[in-house]
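Structure, as structure tokens:
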Amino acid sequence: MSNECYLGRRDFLMKTVGAVGTSVGASQLMARPDETNERAIEEAVEKVGKIARHKWPVSGRKISVLLGCADWPDEVILAGMRCGVNYWHKAQYWDKEKRPKVLAAILKNREAHYCQVVVDRVRGNHETGAIDEEEHYQHVKERLEATGLRYFDDMIFHFGYHTVEEYKTNRAFIRAFERLKKEKVVRRLALSQHNYNGNAKVPGGQSAAEILTALMPDGLYEHAQFFYSYGDSEAINTLVDQAKRKGFGTIGMKTSRGASRMKQDEEFMKRLPAGISPHHALARWLTTETKLDGAVIALRGLDQFVDTYSGAGKPIRASDKAVLDHLRIFANREVCSLCNECQPHCPQNVPIGEILRYERYALDYGEVDTAQALYAHLDRRATDCNNCGQCLGHCPQGMRIPEKLSRAHGVLG
Ligand code: SF4
Ligand code: SF4
């Protein structure tokens with residue numbers, strides 16, 4: 001979702017409702033804030049229209065082709081609901097005290113919405129933390145109390161397993177789910193799977209594709225979220241094909257792959273066909289040209305919601321394809337796809353993918369402070385790169401990794 005709610009571990013830094021850049025017409029300048037909000041929401045709903053839904057495998061749930069994120073500002077969530085968005089990524093971060101409007105709207109018709117609870121490892125981070133039945137169980141109960149949602153539809157193992165072996169031998173997360181399911185407070189099990197291949201902190205770590213391929217046939221997990229974007233690797237596309245055949249649900253996250261930083265590059269934007277934005281083209285492509293069951297696109301504010309979601313479920317046009325070609329060229333040069341292929345070849349154990357993930361937070365989601373804080377916690381940083389060049393040649397995008405790390409350090413350091 002993160003994400004792709006763009007906050008991830010930054011979720012606690014919730015946006016305030018008034019801070020979004022919604023377009024407000026001159027006639028609204030004298031309106032009270034609530035009226036202004038309502039008009040802006042209605043304008044957005046009118047522009048986006050009804051978003052198509054897709055029937056998910058196994059559960060048969062009909063879910064909007066683009067999902068919603070709990071960290072959107074209130075007015076974007078309310079507009080999303082009116083347009084038919086009915087799946088809420090990271091809903092556990094809502095809080096009765098802080099998001100009363102959103103929770104009231106969901107609880108008005110609780111069964112019409114699908115709400116996730118995302119659960120992290122404990123006593124450490126996603127690389128070093130443990131899977132602990134009791135703590136996961138208690139976490140879900142605590143978030144149920146805080147949100148008042150009565151139940152969560154999907155319980156998500158955040159970041160997922162490190163290896164196939166861990167999945168096969170450590171059933172603590174699944175046991176926590178089964179206890180909660182018996183109490184009727186969670187319904188389905190899913191995971192958000194990251195890549196651990198080559199990760200120095202995770203000996204023997206495997207890729208998302210390897211882990212999901214092994215876990216899919218067991219039928220314990222209904223679906224998985226994983227990094228997916230234009231220009232993705234053969235392995236990920238094979239995984240999606242396989243999931244389709246086996247009836248395993250797939251959600252693409254981190255889908256925009258630098259589209260926000262591209263929008264800030266005036267020269268780049270001048271090269272795109274007139275009137276088509278990167279996010280709009282991306283939404284059309286993700287929802288009609290891929291085999292995913294759903295996708296998350298990072299966004300902030302009603303303007304971005306209109307721009308992006310107005311493309312959801314609509315056929316891709318030649319001009320959208322031209323935009324995507326430009327995005328791909330830019331992204332292959334500048335934006336790491338977090339595949340971790342380079343990682344095993346770095347004798348300095350520089351966490352290349354991790355650093356470039358934080359760079360995304362800063363450059364694409366505007367979360368500079370949080371990205372810098374995460375970077376500060378790493379025990380190896382970009383400055384540990386000694387320019388040996390051993391990673392070069394292993395990046396499927398042909399990125400100049402040492403230079404890229406140095407620029408990332410300029411943003412994060
Ligand atoms: S150039 Fe830097 S990042 Fe690449 S392998 Fe060498 S030390 Fe690691
Ligand atoms: S730098 Fe290249 S090889 Fe390394 S994670 Fe990013 S895209 Fe993959």
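The chains in the structure tokens are called A, B, ... from first to last as shown; in each chain the residues are counted from 1, and the ligands are counted from 1 in the order shown.
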- Message: Let's see if you can do this: from backbone DSSP, list all alpha helix (DSSP H) residues in segment 22-111 of chain A, as JSON, numbers by chain.
- Response: {"A": [33, 34, 35, 36, 37, 38, 39, 40, 41, 42, 43, 44, 45, 46, 47, 48, 74, 75, 76, 77, 78, 79, 80, 81, 82, 83, 100, 101, 102, 103, 104, 105, 106, 107, 108]}
- Task: Write as a PyMOL selection string the residues around ligand 2, taking 12 Å as the cut-off and counting only C-alpha atoms and all ligand atoms.
- Result: chain A and resi 194-199+207+227+229+231-233+257+331-346+350-360+390-405+408
Would you save the residues of that selection, restricted to C-alpha atoms, as a tab-separated table (two decimals), in the first residue's frame?
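Saved file again_32.tsv follows:
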chain	number	residue	atom	x	y	z
A	194	HIS	CA	7.99	-7.66	0.31
A	195	ASN	CA	11.23	-8.91	-1.27
A	196	TYR	CA	13.87	-10.30	1.13
A	197	ASN	CA	16.23	-11.83	-1.42
A	198	GLY	CA	19.74	-10.64	-0.73
A	199	ASN	CA	18.76	-8.73	2.40
A	207	SER	CA	11.68	-12.77	-3.16
A	227	PHE	CA	5.06	-4.24	-5.54
A	229	SER	CA	4.11	-1.29	-11.62
A	231	GLY	CA	7.82	-2.32	-16.60
A	232	ASP	CA	7.78	-4.98	-13.91
A	233	SER	CA	9.84	-8.13	-14.00
A	257	ARG	CA	6.71	4.28	-9.40
A	331	ALA	CA	11.32	5.35	-14.03
A	332	ASN	CA	13.87	2.87	-15.36
A	333	ARG	CA	16.49	5.57	-15.15
A	334	GLU	CA	15.49	7.18	-11.85
A	335	VAL	CA	13.14	5.05	-9.76
A	336	CYS	CA	14.20	1.79	-8.13
A	337	SER	CA	11.56	-0.91	-8.50
A	338	LEU	CA	12.64	-2.48	-5.16
A	339	CYS	CA	13.34	-5.88	-6.70
A	340	ASN	CA	16.49	-6.45	-4.55
A	341	GLU	CA	18.35	-8.15	-7.45
A	342	CYS	CA	21.41	-6.02	-6.73
A	343	GLN	CA	21.48	-6.73	-3.01
A	344	PRO	CA	23.39	-10.03	-2.85
A	345	HIS	CA	26.22	-8.46	-4.86
A	346	CYS	CA	27.01	-5.65	-2.44
A	350	VAL	CA	24.38	-1.28	1.80
A	351	PRO	CA	20.59	-1.74	2.01
A	352	ILE	CA	20.09	-0.41	-1.52
A	353	GLY	CA	16.39	-1.21	-1.94
A	354	GLU	CA	15.55	0.04	1.56
A	355	ILE	CA	17.33	3.37	0.97
A	356	LEU	CA	15.66	3.83	-2.40
A	357	ARG	CA	12.28	2.98	-0.85
A	358	TYR	CA	12.77	5.84	1.61
A	359	GLU	CA	13.79	8.05	-1.28
A	360	ARG	CA	10.37	7.32	-2.80
A	390	GLN	CA	29.97	-4.93	-8.00
A	391	CYS	CA	26.23	-4.26	-8.04
A	392	LEU	CA	26.37	-2.76	-11.53
A	393	GLY	CA	25.18	-5.19	-14.13
A	394	HIS	CA	22.77	-6.84	-11.71
A	395	CYS	CA	20.11	-4.15	-11.84
A	396	PRO	CA	17.49	-5.10	-14.44
A	397	GLN	CA	16.94	-1.39	-15.01
A	398	GLY	CA	20.64	-0.75	-15.55
A	399	MET	CA	20.60	1.95	-12.90
A	400	ARG	CA	23.89	3.62	-11.93
A	401	ILE	CA	23.45	2.49	-8.33
A	402	PRO	CA	26.37	4.30	-6.62
A	403	GLU	CA	25.38	7.66	-8.16
A	404	LYS	CA	21.76	6.95	-7.34
A	405	LEU	CA	22.63	6.22	-3.71
A	408	ALA	CA	19.38	9.65	-2.33
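The residue set within 8 Å of Asp307 of chain A, counting only C-alpha atoms and dropping same-chain residues fewer than 3 places from it, reads Ser277, His279, His280, Asp303, Gln304, Ser310 and Gly311 of chain A.
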Now that the selection is made, can you save its residues with N, CA and C atoms as a short mmCIF file (atom, residue, chain, number, x, y, z; two decimals), in the first residue's frame?
data_model
loop_
_atom_site.label_atom_id
_atom_site.label_comp_id
_atom_site.auth_asym_id
_atom_site.auth_seq_id
_atom_site.Cartn_x
_atom_site.Cartn_y
_atom_site.Cartn_z
N SER A 277 -2.53 13.07 -17.70
CA SER A 277 -1.58 13.08 -16.58
C SER A 277 -1.04 11.67 -16.35
N HIS A 279 -0.86 9.97 -13.57
CA HIS A 279 -1.73 9.17 -12.70
C HIS A 279 -2.98 8.68 -13.41
N HIS A 280 -3.51 9.50 -14.30
CA HIS A 280 -4.71 9.09 -15.02
C HIS A 280 -4.41 7.91 -15.96
N ASP A 303 -8.05 16.90 -5.76
CA ASP A 303 -7.60 17.10 -7.16
C ASP A 303 -6.96 15.83 -7.70
N GLN A 304 -6.08 15.23 -6.90
CA GLN A 304 -5.41 14.00 -7.33
C GLN A 304 -6.40 12.85 -7.41
N SER A 310 -10.72 9.08 -12.00
CA SER A 310 -11.58 9.22 -13.18
C SER A 310 -11.10 8.28 -14.29
N GLY A 311 -9.91 7.71 -14.13
CA GLY A 311 -9.42 6.76 -15.13
C GLY A 311 -9.70 5.31 -14.76
#
- Could you tell me, as a list in words, which residues of segment 128-196 of chain A DSSP assigns to strand (DSSP E or B) when given the backbone? Ala130, Phe152, Asp153, Asp154, Met155, Ile156, Phe157, Val186, Arg187, Arg188, Leu189, Ala190, Leu191 and Ser192 of chain A
Keeping N, CA and C atoms for every residue in the selection just given, could you write it to a file as a tab-separated table (two decimals), in the first residue's frame?
chain	number	residue	atom	x	y	z
A	130	ALA	N	9.69	-10.32	15.41
A	130	ALA	CA	9.20	-11.69	15.55
A	130	ALA	C	7.71	-11.78	15.17
A	152	PHE	N	-12.86	-6.64	11.38
A	152	PHE	CA	-12.07	-6.31	10.20
A	152	PHE	C	-12.31	-7.40	9.17
A	153	ASP	N	-12.43	-6.99	7.92
A	153	ASP	CA	-12.67	-7.99	6.87
A	153	ASP	C	-11.41	-8.79	6.57
A	154	ASP	N	-10.28	-8.09	6.45
A	154	ASP	CA	-9.04	-8.79	6.08
A	154	ASP	C	-7.95	-8.50	7.10
A	155	MET	N	-7.32	-9.58	7.58
A	155	MET	CA	-6.18	-9.42	8.49
A	155	MET	C	-4.92	-9.65	7.67
A	156	ILE	N	-4.10	-8.61	7.58
A	156	ILE	CA	-2.96	-8.62	6.66
A	156	ILE	C	-1.65	-8.76	7.43
A	157	PHE	N	-0.84	-9.71	7.05
A	157	PHE	CA	0.50	-9.85	7.62
A	157	PHE	C	1.40	-8.87	6.87
A	186	VAL	N	-12.50	-11.08	12.70
A	186	VAL	CA	-11.81	-10.97	11.41
A	186	VAL	C	-12.41	-12.03	10.49
A	187	ARG	N	-12.27	-11.80	9.18
A	187	ARG	CA	-12.91	-12.73	8.25
A	187	ARG	C	-11.94	-13.46	7.33
A	188	ARG	N	-10.97	-12.72	6.78
A	188	ARG	CA	-10.07	-13.38	5.82
A	188	ARG	C	-8.62	-13.04	6.11
A	189	LEU	N	-7.78	-13.95	5.66
A	189	LEU	CA	-6.35	-13.82	5.90
A	189	LEU	C	-5.65	-13.39	4.59
A	190	ALA	N	-4.78	-12.41	4.70
A	190	ALA	CA	-4.04	-11.97	3.50
A	190	ALA	C	-2.68	-11.44	3.94
A	191	LEU	N	-1.84	-11.13	2.98
A	191	LEU	CA	-0.54	-10.58	3.36
A	191	LEU	C	-0.05	-9.58	2.34
A	192	SER	N	0.85	-8.73	2.84
A	192	SER	CA	1.52	-7.80	1.94
A	192	SER	C	2.96	-8.27	1.92
- Query: Expressed in Å to a single decimal, how great is the separation between atom CA of Leu374 of chain A and atom CA of Gly129 of chain A?
  - Reply: 15.9 Å
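Atom to atom, atom CA of Gln193 of chain A and atom CA of Val102 of chain A stand 27.9 Å apart.
Across the structure, atom CA of Leu299 of chain A and atom CA of Ser260 of chain A are spaced 8.9 Å apart.
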- Task: Write out as a list in words the residues lying within 7 Å of segment 170-181 of chain A, counting only C-alpha atoms and excluding same-chain residues fewer than 5 positions away.
- Result: Ile131, Asp132, Glu133, Glu134, His136, Tyr137, Val186 and Arg187 of chain A
- Would you list the contacts of Tyr309 of chain A as number ranges by chain, taking every protein, DNA or RNA residue within 12 Å and counting only C-alpha atoms, but skipping same-chain residues closer than 5 positions in sequence? A: 44-52, 64-68, 76, 79-81, 83-85, 277, 279-287, 295-299, 301-304, 314
Next, the residues of the selection above should be written as a tab-separated table (two decimals), in the first residue's frame with C-alpha atoms.
chain	number	residue	atom	x	y	z
A	44	ALA	CA	-15.20	15.59	-7.34
A	45	VAL	CA	-17.88	12.88	-7.27
A	46	GLU	CA	-19.47	14.30	-10.39
A	47	LYS	CA	-16.16	14.35	-12.25
A	48	VAL	CA	-15.13	10.82	-11.25
A	49	GLY	CA	-18.51	9.09	-11.56
A	50	LYS	CA	-19.10	5.49	-10.50
A	51	ILE	CA	-15.99	3.38	-10.22
A	52	ALA	CA	-16.18	-0.12	-11.67
A	64	SER	CA	-13.73	-1.33	-6.56
A	65	VAL	CA	-10.94	-1.75	-9.11
A	66	LEU	CA	-8.89	0.88	-7.29
A	67	LEU	CA	-8.84	0.58	-3.52
A	68	GLY	CA	-9.10	3.35	-0.96
A	76	VAL	CA	-11.26	12.26	-0.27
A	79	ALA	CA	-15.86	11.36	-2.16
A	80	GLY	CA	-14.38	7.90	-2.74
A	81	MET	CA	-17.27	6.22	-0.93
A	83	CYS	CA	-18.01	6.98	-6.17
A	84	GLY	CA	-18.11	3.35	-5.03
A	85	VAL	CA	-14.71	2.78	-3.43
A	277	SER	CA	-1.58	13.08	-16.58
A	279	HIS	CA	-1.73	9.17	-12.70
A	280	HIS	CA	-4.71	9.09	-15.02
A	281	ALA	CA	-2.92	6.95	-17.61
A	282	LEU	CA	-1.63	4.72	-14.82
A	283	ALA	CA	-5.13	4.18	-13.42
A	284	ARG	CA	-6.48	3.14	-16.83
A	285	TRP	CA	-3.58	0.77	-17.38
A	286	LEU	CA	-3.68	-0.84	-13.93
A	287	THR	CA	-7.41	-1.46	-14.02
A	295	ALA	CA	-4.51	-1.76	-7.07
A	296	VAL	CA	-3.52	1.02	-4.76
A	297	ILE	CA	-2.23	4.36	-6.08
A	298	ALA	CA	-0.75	6.93	-3.74
A	299	LEU	CA	-2.56	10.24	-3.75
A	301	GLY	CA	-6.20	15.61	-1.95
A	302	LEU	CA	-9.35	15.80	-4.04
A	303	ASP	CA	-7.60	17.10	-7.16
A	304	GLN	CA	-5.41	14.00	-7.33
A	314	LYS	CA	-11.76	2.97	-18.36
- Item | Contact residues around segment 92-94 of chain A with only C-alpha atoms at 6 Å, ignoring same-chain residues under 4 positions, as number ranges by chain | A: 117, 143, 147
- Query: Between A:Arg380, A:Tyr375, A:Arg245, A:Glu210, which has the minimum distance to Gly410 of chain A (counting only C-alpha atoms)?
  - Reply: A:Tyr375
I'd like the neighbourhood of Gly413 of chain A as an mmCIF file with N, CA and C atoms, in the first residue's frame, where a residue qualifies if any of its atoms comes within 10 Å (using only C-alpha atoms), though same-chain residues fewer than 2 positions away should be ignored.
data_model
loop_
_atom_site.group_PDB
_atom_site.id
_atom_site.type_symbol
_atom_site.label_atom_id
_atom_site.label_comp_id
_atom_site.auth_asym_id
_atom_site.auth_seq_id
_atom_site.Cartn_x
_atom_site.Cartn_y
_atom_site.Cartn_z
ATOM 1 N N ALA A 371 10.875 10.089 5.902
ATOM 2 C CA ALA A 371 11.895 9.350 5.146
ATOM 3 C C ALA A 371 13.262 9.553 5.789
ATOM 4 N N GLN A 372 13.540 10.780 6.196
ATOM 5 C CA GLN A 372 14.837 11.058 6.834
ATOM 6 C C GLN A 372 14.950 10.334 8.174
ATOM 7 N N ALA A 373 13.837 10.269 8.908
ATOM 8 C CA ALA A 373 13.870 9.585 10.211
ATOM 9 C C ALA A 373 14.119 8.087 10.009
ATOM 10 N N TYR A 375 15.631 6.708 7.477
ATOM 11 C CA TYR A 375 17.015 6.586 6.991
ATOM 12 C C TYR A 375 18.003 6.685 8.156
ATOM 13 N N ALA A 376 17.708 7.583 9.069
ATOM 14 C CA ALA A 376 18.612 7.785 10.209
ATOM 15 C C ALA A 376 18.709 6.520 11.069
ATOM 16 N N ARG A 381 24.280 3.019 5.562
ATOM 17 C CA ARG A 381 23.646 4.054 4.748
ATOM 18 C C ARG A 381 24.355 4.181 3.403
ATOM 19 N N ALA A 382 23.852 5.106 2.587
ATOM 20 C CA ALA A 382 24.429 5.308 1.249
ATOM 21 C C ALA A 382 25.913 5.654 1.327
ATOM 22 N N THR A 383 26.320 6.302 2.395
ATOM 23 C CA THR A 383 27.728 6.697 2.531
ATOM 24 C C THR A 383 28.644 5.484 2.750
ATOM 25 N N SER A 406 24.101 8.098 -3.913
ATOM 26 C CA SER A 406 24.665 9.375 -3.479
ATOM 27 C C SER A 406 23.594 10.473 -3.557
ATOM 28 N N ARG A 407 22.796 10.451 -4.622
ATOM 29 C CA ARG A 407 21.728 11.458 -4.728
ATOM 30 C C ARG A 407 20.668 11.225 -3.650
ATOM 31 N N ALA A 408 20.384 9.945 -3.376
ATOM 32 C CA ALA A 408 19.383 9.646 -2.332
ATOM 33 C C ALA A 408 19.878 10.155 -0.979
ATOM 34 N N HIS A 409 21.179 10.014 -0.744
ATOM 35 C CA HIS A 409 21.734 10.503 0.530
ATOM 36 C C HIS A 409 21.558 12.017 0.640
ATOM 37 N N GLY A 410 21.666 12.688 -0.503
ATOM 38 C CA GLY A 410 21.463 14.132 -0.503
ATOM 39 C C GLY A 410 20.063 14.509 -0.031
ATOM 40 N N VAL A 411 19.099 13.647 -0.330
ATOM 41 C CA VAL A 411 17.707 13.909 0.071
ATOM 42 C C VAL A 411 17.465 13.442 1.504
#
- Query: With distances taken over only C-alpha atoms and all ligand atoms, which of A:Trp72, A:Ala200, A:Ala274, A:Tyr228 is nearest to ligand 1?
  - Reply: A:Ala200
